[in-house]
Every structure is written in structure tokens, then in C-alpha cells.
Amino acid sequence: MTPSIVALIPARKGSKRLQNKNIYPVMGHPLMAYAIASALDSGIFSGVYVSTDSEAYAEVAKHYGAEVILCRLPNAHKDTTPDINWVRHALENVTSDCFSILRITNPFRQPDTIKRAWRVFLANQPVDSLRAVEPAHQHPGKMWVVRKNRLLPLLPFDLKGNPWHSSQYQALPRVYEQNASLEIAWSRVVQEGTIAGESVVPFFTQGFEGFDIHVQEDIEEALMLVRRGLVELPKLPLSEIASEYTP
């Protein structure tokens with residue numbers, strides 16, 4: 001029998017780099033709306049929940065068809081708080097075999113992206129979780145840290161003792177970075193104090209499926225991609241939300 005799964009969409013207030021980022025207007029709708037729409041249209045979830053510490057964000061979420069989990073725990077949605085805090089709280093209010101975290105900051109995640117990831121997760125059992133990744137834009141073998149005003153390589157040597165920072169890119173192992181597309185995990189891993197567990201299967205995103213919005217320049221790039229027809233936003237059948245909910 002196919003396990004049950006819920007979508008968990010975090011929406012904390014108080015974004016510092018882009019004010020009201022989660023409800024920032026993109027092509028006539030708040031950014032949050034696209035995460036909700038892709039989750040609902042995927043058809044795989046028994047429930048789509050927005051976890052938020054904001055009454056205003058809760059109203060936006062309900063307008064676009066999501067259910068709301070108001071999280072009043074101290075520091076649960078701070079910018080330095082680990083995801084495990086709000087995820088654990090959400091799963092105390094929702095019963096499901098699995099959960100998927102869908103970040104609002106990715107407006108280009110399509111329903112088909114979610115369905116494809118769910119198939120990958122189910123086909124690779126037993127695993128604890130799945131995480132979306134893409135080839136790293138900067139190789140950690142070429143990165144440095146500063147200690148007492150001196151540079152030290154983050155990853156000093158390969159297995160043969162050669163310094164990675166002086167190696168050609170072609171000689172370095174291929175590495176991946178996680179992106180904002182999605183995560184899927186068994187709910188049981190949260191009881192172990194993690195949202196990933198130990199066995200993680202990769203989900204390789206394609207094109208702009210892992211696009212992430214953090215600053216104003218990201219908004220402008222997203223709008224440019226849409227207007228040039230290079231990428232599509234999830235379909236939204238509802239009318240634009242009342243203007244008091246958008247900055």
C-alpha cells in the first residue's frame with residue numbers, strides 16, 4: 001500500500017533580506033500561492049499545510065486552498081532555528097507516514113516535479129529521505145576559511161594527498177548542492193531528531209526546478225524568465241488576493 005504523505009510549507013514572518021518575502025507579489029499573486037498550487041495540483045498529498053507564525057500569512061494560505069498550522073513556539077520560525085523545530089510541531093498536529101517540505105522561495109516547482117520526486121522516493125526504499133540537489137556552482141575543493149588572518153583550505157587533500165585547491169576542476173569529484181525544490185522523508189525520522197535521517201536518496205532537479213528567491217535581484221530574474229517564456233509558473237485559478245496582504 002502506498003504510504004500517506006503531507007506537504008509542509010514553512011512561512012515565517014520577518015524576512016530580513018526581502019521584506020515580506022513569502023507574500024511578495026509575483027505576476028499578480030503572492031509568492032506563497034505558487035508553492036500551494038503546485039502541492040495541491042500534484043494530487044499526491046492527503047493534506048497541504050502552511051506552518052506560520054503570522055495571522056496575515058495564515059489568511060493568504062487559506063485563500064489559496066491550504067490548511068494552516070499556527071506555530072506559536074518560541075523561536076520556532078526564527079531565521080537561525082533548525083527546521084526540525086517547526087517540522088516536529090507540524091507533525092504533532094498532523095498524522096501521516098511521510099512529509100514533504102516545499103519552500104515558498106521556489107516559484108518554479110511544478111506539480112510534475114513533486115510527482116517525479118515521490119516516485120523516486122518510493123522506488124528507492126529503504127531510505128530515510130530524499131533531497132533535491134543540483135551540481136554545485138562552486139566546488140568546495142576550491143574554498144578557503146580564514147584563521148588568524150591566514151587562508152586555510154576547507155578541504156585540503158584528496159585521497160592521494162594532492163591539494164584540491166591546486167587541482168584542475170576535471171580532476172575533482174563531482175559534488176552537488178541542495179536547492180529549494182523539495183525534501184521528502186518518513187515522519188519517523190523526526191522522532192530521531194532529524195528531518196533527513198542517515199540514508200538520503202538524491203533527486204536531481206532539471207532546469208529551474210531548484211530556483212531560489214532570497215533578494216530583490218532574484219525576484220527580477222524570476223520575472224524576466226517568465227516574461228521571456230523560459231519558464232512557467234504553476235497555474236493559479238483563483239483571482240488575485242486582496243492587496244492588503246501584499247507589500
# chains A, B, ... in the order shown; residues from 1 in each chain; ligands from 1
>>> closest_atom_pairs(of="region 53-119 of chain A", to="region 207-223 of chain A", cutoff="9 Å", atoms="only C-alpha atoms", output="CSV")
residue,atom,partner,partner_atom,distance
A:Arg103,CA,A:Asp212,CA,8.7
A:Ile104,CA,A:Ile213,CA,8.6
A:Thr105,CA,A:Ile213,CA,4.9
A:Asn106,CA,A:Asp212,CA,4.9
A:Pro107,CA,A:Phe211,CA,7.5
A:Phe108,CA,A:Glu209,CA,5.6
A:Arg109,CA,A:Glu209,CA,5.1
A:Gln110,CA,A:Glu209,CA,7.6
A:Thr113,CA,A:Glu209,CA,7.4
>>> write_last_selection(atoms="N, CA and C atoms", output="PDB file, in the first residue's frame")
ATOM      1  N   ARG A 103       9.540  24.693  -0.057  1.00  0.00           N
ATOM      2  CA  ARG A 103       9.912  26.068   0.288  1.00  0.00           C
ATOM      3  C   ARG A 103       9.173  27.052  -0.614  1.00  0.00           C
ATOM      4  N   ILE A 104       8.649  28.083   0.001  1.00  0.00           N
ATOM      5  CA  ILE A 104       7.925  29.109  -0.747  1.00  0.00           C
ATOM      6  C   ILE A 104       8.843  29.842  -1.715  1.00  0.00           C
ATOM      7  N   THR A 105      10.115  29.891  -1.409  1.00  0.00           N
ATOM      8  CA  THR A 105      11.055  30.678  -2.209  1.00  0.00           C
ATOM      9  C   THR A 105      11.322  30.107  -3.589  1.00  0.00           C
ATOM     10  N   ASN A 106      10.725  28.954  -3.915  1.00  0.00           N
ATOM     11  CA  ASN A 106      10.877  28.377  -5.253  1.00  0.00           C
ATOM     12  C   ASN A 106       9.544  28.453  -5.999  1.00  0.00           C
ATOM     13  N   PRO A 107       9.365  29.439  -6.890  1.00  0.00           N
ATOM     14  CA  PRO A 107       8.095  29.579  -7.595  1.00  0.00           C
ATOM     15  C   PRO A 107       7.959  28.686  -8.822  1.00  0.00           C
ATOM     16  N   PHE A 108       9.037  28.011  -9.241  1.00  0.00           N
ATOM     17  CA  PHE A 108       9.022  27.243 -10.483  1.00  0.00           C
ATOM     18  C   PHE A 108       8.879  25.742 -10.268  1.00  0.00           C
ATOM     19  N   ARG A 109       8.649  25.331  -9.063  1.00  0.00           N
ATOM     20  CA  ARG A 109       8.395  23.911  -8.773  1.00  0.00           C
ATOM     21  C   ARG A 109       7.009  23.548  -9.306  1.00  0.00           C
ATOM     22  N   GLN A 110       6.950  22.627 -10.231  1.00  0.00           N
ATOM     23  CA  GLN A 110       5.686  22.256 -10.848  1.00  0.00           C
ATOM     24  C   GLN A 110       5.098  21.004 -10.187  1.00  0.00           C
ATOM     25  N   THR A 113       7.071  18.037 -10.966  1.00  0.00           N
ATOM     26  CA  THR A 113       8.314  17.919 -10.197  1.00  0.00           C
ATOM     27  C   THR A 113       8.060  17.123  -8.925  1.00  0.00           C
TER      28      THR A 113
END
>>> closest_residue(among="A:Leu122, A:Leu230, A:Val201, A:Val6", to="Cys98 (chain A)", atoms="only C-alpha atoms")
A:Val6
>>> select_by_dssp(residues="region 58-102 of chain A", states="strand (DSSP E or B)", output="PyMOL selection string")
chain A and resi 67-70+98-101
>>> write_last_selection(atoms="C-alpha atoms", output="tab-separated table (two decimals), in the first residue's frame")
chain	number	residue	atom	x	y	z
A	67	GLU	CA	-4.70	24.39	5.70
A	68	VAL	CA	-2.82	26.29	8.39
A	69	ILE	CA	-0.78	25.24	11.40
A	70	LEU	CA	-0.14	28.29	13.56
A	98	CYS	CA	5.68	10.82	5.22
A	99	PHE	CA	6.07	14.54	4.76
A	100	SER	CA	7.46	16.81	2.08
A	101	ILE	CA	8.93	20.26	2.75
>>> closest_atom_pairs(of="region 171-230 of chain A", to="region 128-138 of chain A", cutoff="7 Å", atoms="only C-alpha atoms", output="CSV")
residue,atom,partner,partner_atom,distance
A:Val175,CA,A:Ala136,CA,5.9
A:Tyr176,CA,A:Pro135,CA,4.4
A:Glu177,CA,A:Ala136,CA,5.0
A:Gln178,CA,A:Val133,CA,4.2
A:Asn179,CA,A:Val133,CA,5.5
A:Ser181,CA,A:Ala132,CA,6.0
A:Leu182,CA,A:Ala132,CA,5.7
A:Glu183,CA,A:Arg131,CA,4.6
A:Ile184,CA,A:Leu130,CA,5.0
A:Ala185,CA,A:Ser129,CA,4.0
A:Trp186,CA,A:Asp128,CA,6.1
A:Val189,CA,A:Asp128,CA,6.9
A:Ala196,CA,A:Ser129,CA,5.4
A:Gly197,CA,A:Asp128,CA,5.3
A:Glu198,CA,A:Asp128,CA,6.5
A:Ser199,CA,A:Asp128,CA,5.1
A:Val200,CA,A:Ser129,CA,4.9
A:Val201,CA,A:Leu130,CA,4.7
A:Pro202,CA,A:Arg131,CA,5.5
A:Phe203,CA,A:Ala132,CA,4.5
A:Phe204,CA,A:Val133,CA,5.3
A:Thr205,CA,A:Glu134,CA,6.1
>>> write_last_selection(atoms="C-alpha atoms", output="PDB file, in the first residue's frame")
ATOM      1  CA  VAL A 175      29.719  17.408  -5.957  1.00  0.00           C
ATOM      2  CA  TYR A 176      26.125  18.551  -5.523  1.00  0.00           C
ATOM      3  CA  GLU A 177      24.385  21.232  -3.511  1.00  0.00           C
ATOM      4  CA  GLN A 178      20.860  21.058  -2.170  1.00  0.00           C
ATOM      5  CA  ASN A 179      18.380  23.517  -3.599  1.00  0.00           C
ATOM      6  CA  SER A 181      12.904  22.409  -4.786  1.00  0.00           C
ATOM      7  CA  LEU A 182      11.760  19.929  -2.106  1.00  0.00           C
ATOM      8  CA  GLU A 183      12.538  17.344   0.531  1.00  0.00           C
ATOM      9  CA  ILE A 184      10.660  14.132   1.358  1.00  0.00           C
ATOM     10  CA  ALA A 185      11.115  11.989   4.472  1.00  0.00           C
ATOM     11  CA  TRP A 186       9.420   9.386   6.607  1.00  0.00           C
ATOM     12  CA  VAL A 189      12.903  10.272  11.277  1.00  0.00           C
ATOM     13  CA  ALA A 196      16.863  13.692   6.837  1.00  0.00           C
ATOM     14  CA  GLY A 197      17.893  10.545   8.688  1.00  0.00           C
ATOM     15  CA  GLU A 198      21.050   8.747   7.602  1.00  0.00           C
ATOM     16  CA  SER A 199      20.087   7.262   4.223  1.00  0.00           C
ATOM     17  CA  VAL A 200      19.249  10.005   1.713  1.00  0.00           C
ATOM     18  CA  VAL A 201      18.430   9.424  -1.952  1.00  0.00           C
ATOM     19  CA  PRO A 202      19.221  12.276  -4.388  1.00  0.00           C
ATOM     20  CA  PHE A 203      16.575  13.922  -6.517  1.00  0.00           C
ATOM     21  CA  PHE A 204      18.302  15.606  -9.452  1.00  0.00           C
ATOM     22  CA  THR A 205      16.364  18.708 -10.431  1.00  0.00           C
TER      23      THR A 205
END
>>> closest_residue(among="A:Pro173, A:Pro82, A:Pro10, A:Pro30", to="Val48 (chain A)", atoms="only C-alpha atoms")
A:Pro10
>>> closest_residue(among="A:Leu236, A:Met143, A:Val87, A:Leu152", to="Gly193 (chain A)", atoms="only C-alpha atoms")
A:Val87
>>> atom_distance(atom1="CA of Leu91 (chain A)", atom2="CA of Thr2 (chain A)")
19.1 Å
>>> atom_distance(atom1="CA of Met224 (chain A)", atom2="CA of Arg116 (chain A)")
26.5 Å
>>> select_by_dssp(residues="chain A", states="helix (DSSP H, G or I)", output="VMD selection string")
chain A and resid 21 to 23 31 to 42 55 to 63 83 to 93 111 to 123 140 to 142 164 to 166 169 to 171 187 to 192 216 to 227 243 to 245
>>> closest_residue(among="A:Thr52, A:Ser42, A:Asn85, A:Asn149", to="Gln191 (chain A)", atoms="only C-alpha atoms")
A:Asn85
>>> residues_around(residues="region 16-19 of chain A", least_positions_apart="2", cutoff="9 Å", atoms="only C-alpha atoms", output="PyMOL selection string")
chain A and resi 13-14+21-22+24+79+214-216+247
>>> write_last_selection(atoms="C-alpha atoms", output="PDB file, in the first residue's frame")
ATOM      1  CA  LYS A  13       7.367  36.358   9.071  1.00  0.00           C
ATOM      2  CA  GLY A  14      10.229  38.794   9.399  1.00  0.00           C
ATOM      3  CA  LYS A  21       9.228  37.647   1.012  1.00  0.00           C
ATOM      4  CA  ASN A  22       6.685  34.860   1.491  1.00  0.00           C
ATOM      5  CA  TYR A  24       5.853  39.144  -2.228  1.00  0.00           C
ATOM      6  CA  ASP A  79      15.990  32.657  10.710  1.00  0.00           C
ATOM      7  CA  HIS A 214      16.142  35.477  -1.380  1.00  0.00           C
ATOM      8  CA  VAL A 215      16.738  39.056  -2.530  1.00  0.00           C
ATOM      9  CA  GLN A 216      15.170  41.614  -4.870  1.00  0.00           C
ATOM     10  CA  PRO A 247       3.701  44.596   0.269  1.00  0.00           C
TER      11      PRO A 247
END
>>> atom_distance(atom1="CA of Ala90 (chain A)", atom2="CA of Leu8 (chain A)")
7.8 Å
>>> closest_residue(among="A:Ser38, A:Ser4, A:Thr194, A:Ser187", to="Glu92 (chain A)", atoms="only C-alpha atoms")
A:Ser187
>>> residues_around(residues="Ser166 (chain A)", least_positions_apart="2", cutoff="9 Å", atoms="only C-alpha atoms", output="number ranges by chain")
A: 141-142, 162-164, 168
>>> residues_around(residues="Ala58 (chain A)", least_positions_apart="2", cutoff="12 Å", atoms="only C-alpha atoms", output="PyMOL selection string")
chain A and resi 9-13+22-23+32-33+49-56+60-71+245
